[in-house]
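Heads up: the structure comes next, in structure tokens.
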Amino acid sequence: MRHGKKGNHLGRKTAHRKAMLANMACSLIEHKRINTTVAKAKALKQFVEPLITKAKAENNITAEKGTHNRRIAFKNLRDKEAITELFSVVSEKVGDRPGGYTRIIKLGNRLGDNADMAMIELVDFNELYNADKPKKKTTRRSRRGSGSKASVPPVAVAESKTESKDVEVKADDSEE
């Protein structure tokens, strides 16, 4: 029976598993994407997303809570450069995203042992997927409609279209 066996142990003892996930999380934060096995990528996703949420929440709360979140993240990651990157660059980039900070893309099987490989990446740092999405608009629009469309009567618009056709015909006659 598998009661109470929630996480994937990845065939490792607890200390080895925590150290491995901490190292993989630091690499993910530093390089924004890494290649690993599918099982490790899924375990890493569960490990790193709460840390990103804590980093994102630091900007919205008081300094005391922000220090506490940094200490919790440092307890898990154990790397000062990764913490600095996480709380500055990554937290600003994912500030408006409500969750789902990572993406797992399956790559196929590894040649040596036929293990399922995957690429895990931070979603907001992929320029290929985010290139077609428009940037967030910062200008505000008025609720009132503009007066320029209502001031031109439809009859005048129709007359201007017929005049432009006459101009085009005259231009063709002069060239012959």
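Following the order of the structure tokens, chains are lettered A, B, ..., residues in each are numbered from 1, and ligands are numbered from 1.
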Exercise for review: Please provide the set of residues having any atom within 7 Å of A:Ile120, restricted to only C-alpha atoms, with same-chain residues fewer than 2 positions apart removed, written as a list in words.
Suggested key: Arg33, Ile34, Asn35, Ala41, Thr102, Arg103, Ile104, Ile105 and Ala118 of chain A
**Study point:** Residues near A:Ala73, cut-off 10 Å, only C-alpha atoms, skip fewer than 2 positions along chain, as a VMD selection string
**Key:** chain A and resid 48 50 to 52 54 to 55 67 to 71 75 to 80 82 to 83 86 to 87
Can you write just those residues out, N, CA, C and O atoms, as a PDB file, in the first residue's frame?
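Dumped to result19.pdb:
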ATOM      1  N   VAL A  48      10.649  24.384  -7.036  1.00  0.00           N
ATOM      2  CA  VAL A  48      11.044  25.761  -7.329  1.00  0.00           C
ATOM      3  C   VAL A  48       9.864  26.725  -7.418  1.00  0.00           C
ATOM      4  O   VAL A  48      10.025  27.923  -7.132  1.00  0.00           O
ATOM      5  N   PRO A  50       7.100  27.197  -5.476  1.00  0.00           N
ATOM      6  CA  PRO A  50       6.818  27.924  -4.231  1.00  0.00           C
ATOM      7  C   PRO A  50       7.881  28.962  -3.892  1.00  0.00           C
ATOM      8  O   PRO A  50       7.563  30.017  -3.327  1.00  0.00           O
ATOM      9  N   LEU A  51       9.128  28.711  -4.261  1.00  0.00           N
ATOM     10  CA  LEU A  51      10.182  29.689  -4.006  1.00  0.00           C
ATOM     11  C   LEU A  51       9.989  30.934  -4.865  1.00  0.00           C
ATOM     12  O   LEU A  51      10.214  32.060  -4.409  1.00  0.00           O
ATOM     13  N   ILE A  52       9.563  30.740  -6.109  1.00  0.00           N
ATOM     14  CA  ILE A  52       9.302  31.890  -6.989  1.00  0.00           C
ATOM     15  C   ILE A  52       8.116  32.692  -6.456  1.00  0.00           C
ATOM     16  O   ILE A  52       8.116  33.929  -6.498  1.00  0.00           O
ATOM     17  N   LYS A  54       7.284  33.002  -3.320  1.00  0.00           N
ATOM     18  CA  LYS A  54       7.785  33.770  -2.176  1.00  0.00           C
ATOM     19  C   LYS A  54       8.599  34.975  -2.644  1.00  0.00           C
ATOM     20  O   LYS A  54       8.510  36.055  -2.058  1.00  0.00           O
ATOM     21  N   ALA A  55       9.374  34.808  -3.692  1.00  0.00           N
ATOM     22  CA  ALA A  55      10.154  35.926  -4.225  1.00  0.00           C
ATOM     23  C   ALA A  55       9.243  36.998  -4.801  1.00  0.00           C
ATOM     24  O   ALA A  55       9.501  38.192  -4.645  1.00  0.00           O
ATOM     25  N   THR A  67      12.299  39.726   4.347  1.00  0.00           N
ATOM     26  CA  THR A  67      13.495  39.085   4.905  1.00  0.00           C
ATOM     27  C   THR A  67      13.211  37.637   5.250  1.00  0.00           C
ATOM     28  O   THR A  67      14.038  36.754   5.014  1.00  0.00           O
ATOM     29  N   HIS A  68      12.038  37.385   5.777  1.00  0.00           N
ATOM     30  CA  HIS A  68      11.664  36.008   6.123  1.00  0.00           C
ATOM     31  C   HIS A  68      11.589  35.133   4.873  1.00  0.00           C
ATOM     32  O   HIS A  68      12.071  33.997   4.871  1.00  0.00           O
ATOM     33  N   ASN A  69      11.006  35.668   3.797  1.00  0.00           N
ATOM     34  CA  ASN A  69      10.921  34.907   2.550  1.00  0.00           C
ATOM     35  C   ASN A  69      12.308  34.639   1.975  1.00  0.00           C
ATOM     36  O   ASN A  69      12.566  33.557   1.441  1.00  0.00           O
ATOM     37  N   ARG A  70      13.215  35.614   2.083  1.00  0.00           N
ATOM     38  CA  ARG A  70      14.589  35.392   1.618  1.00  0.00           C
ATOM     39  C   ARG A  70      15.271  34.295   2.421  1.00  0.00           C
ATOM     40  O   ARG A  70      16.005  33.483   1.872  1.00  0.00           O
ATOM     41  N   ARG A  71      15.028  34.257   3.716  1.00  0.00           N
ATOM     42  CA  ARG A  71      15.654  33.238   4.551  1.00  0.00           C
ATOM     43  C   ARG A  71      15.102  31.847   4.246  1.00  0.00           C
ATOM     44  O   ARG A  71      15.860  30.873   4.237  1.00  0.00           O
ATOM     45  N   LYS A  75      17.336  28.831   2.766  1.00  0.00           N
ATOM     46  CA  LYS A  75      17.372  27.525   3.423  1.00  0.00           C
ATOM     47  C   LYS A  75      17.256  26.408   2.394  1.00  0.00           C
ATOM     48  O   LYS A  75      17.914  25.372   2.497  1.00  0.00           O
ATOM     49  N   ASN A  76      16.445  26.626   1.351  1.00  0.00           N
ATOM     50  CA  ASN A  76      16.253  25.594   0.329  1.00  0.00           C
ATOM     51  C   ASN A  76      17.331  25.616  -0.746  1.00  0.00           C
ATOM     52  O   ASN A  76      17.755  24.562  -1.212  1.00  0.00           O
ATOM     53  N   LEU A  77      17.773  26.789  -1.167  1.00  0.00           N
ATOM     54  CA  LEU A  77      18.693  26.886  -2.303  1.00  0.00           C
ATOM     55  C   LEU A  77      20.163  26.879  -1.893  1.00  0.00           C
ATOM     56  O   LEU A  77      20.994  26.326  -2.612  1.00  0.00           O
ATOM     57  N   ARG A  78      20.507  27.552  -0.811  1.00  0.00           N
ATOM     58  CA  ARG A  78      21.880  27.607  -0.290  1.00  0.00           C
ATOM     59  C   ARG A  78      22.869  28.212  -1.287  1.00  0.00           C
ATOM     60  O   ARG A  78      23.978  27.725  -1.432  1.00  0.00           O
ATOM     61  N   ASP A  79      22.456  29.269  -1.992  1.00  0.00           N
ATOM     62  CA  ASP A  79      23.333  29.940  -2.938  1.00  0.00           C
ATOM     63  C   ASP A  79      22.941  31.420  -3.007  1.00  0.00           C
ATOM     64  O   ASP A  79      21.831  31.760  -3.443  1.00  0.00           O
ATOM     65  N   LYS A  80      23.849  32.303  -2.576  1.00  0.00           N
ATOM     66  CA  LYS A  80      23.518  33.724  -2.485  1.00  0.00           C
ATOM     67  C   LYS A  80      23.251  34.346  -3.853  1.00  0.00           C
ATOM     68  O   LYS A  80      22.354  35.175  -3.998  1.00  0.00           O
ATOM     69  N   ALA A  82      22.067  32.897  -6.526  1.00  0.00           N
ATOM     70  CA  ALA A  82      20.759  32.445  -7.015  1.00  0.00           C
ATOM     71  C   ALA A  82      19.627  33.174  -6.299  1.00  0.00           C
ATOM     72  O   ALA A  82      18.617  33.535  -6.921  1.00  0.00           O
ATOM     73  N   ILE A  83      19.786  33.430  -5.011  1.00  0.00           N
ATOM     74  CA  ILE A  83      18.760  34.159  -4.255  1.00  0.00           C
ATOM     75  C   ILE A  83      18.643  35.589  -4.781  1.00  0.00           C
ATOM     76  O   ILE A  83      17.533  36.105  -4.975  1.00  0.00           O
ATOM     77  N   LEU A  86      16.917  35.460  -8.096  1.00  0.00           N
ATOM     78  CA  LEU A  86      15.510  35.091  -7.920  1.00  0.00           C
ATOM     79  C   LEU A  86      14.686  36.265  -7.427  1.00  0.00           C
ATOM     80  O   LEU A  86      13.603  36.541  -7.955  1.00  0.00           O
ATOM     81  N   PHE A  87      15.195  36.988  -6.431  1.00  0.00           N
ATOM     82  CA  PHE A  87      14.408  38.066  -5.828  1.00  0.00           C
ATOM     83  C   PHE A  87      14.481  39.364  -6.605  1.00  0.00           C
ATOM     84  O   PHE A  87      13.711  40.279  -6.331  1.00  0.00           O
TER      85      PHE A  87
END
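Between A:Asp96 and the residues A:His31, A:Arg144, A:Lys56, A:His3, the shortest atom-to-atom distance, using only C-alpha atoms, involves A:Lys56.
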Exercise for review: Would you kindly return, as an NGL selection string, each protein, DNA or RNA residue with an atom no farther than 12 Å from any atom of A:Ala19, considering only C-alpha atoms and excluding same-chain residues fewer than 3 positions away?
Suggested key: :A and (12-16 or 22-26 or 44 or 47 or 75-79)
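One distance worth recording is that between atom CA of A:Asn109 and atom CA of A:Val38, which is 10.0 Å.
Of the residues listed (A:Ser88, A:Ser27, A:Asn114, A:Asn126), A:Ser88 shows the shortest atom-to-atom separation from A:Asn59; distances use only C-alpha atoms.
The gap separating atom CA of A:Glu49 from atom CA of A:Val94 is 11.2 Å, in Å to one decimal.
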Check your understanding: DSSP says strand (DSSP E or B) for which residues of stretch 13-157 of chain A? Put them as a PyMOL selection string?
Key -> chain A and resi 33-37+102-109+116-122
Exercise for review: Would you please extract all helix (DSSP H, G or I) residues from stretch 80-110 of chain A, as assigned by DSSP on the backbone, and give them as an MDAnalysis selection string?
Suggested key: chainID A and resid 80:93
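The space between atom CA of A:Met119 and atom CA of A:Glu30 spans 14.7 Å.
Of the listed residues (A:Leu111, A:Leu122, A:Ala43, A:Leu10), A:Leu122 comes nearest to A:Val89; the distances count only C-alpha atoms.
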Review point. Nearest to A:Ala39: which of A:Thr84, A:Met117, A:Asp124, A:Met1 is it, counting only C-alpha atoms?
Key: A:Met117
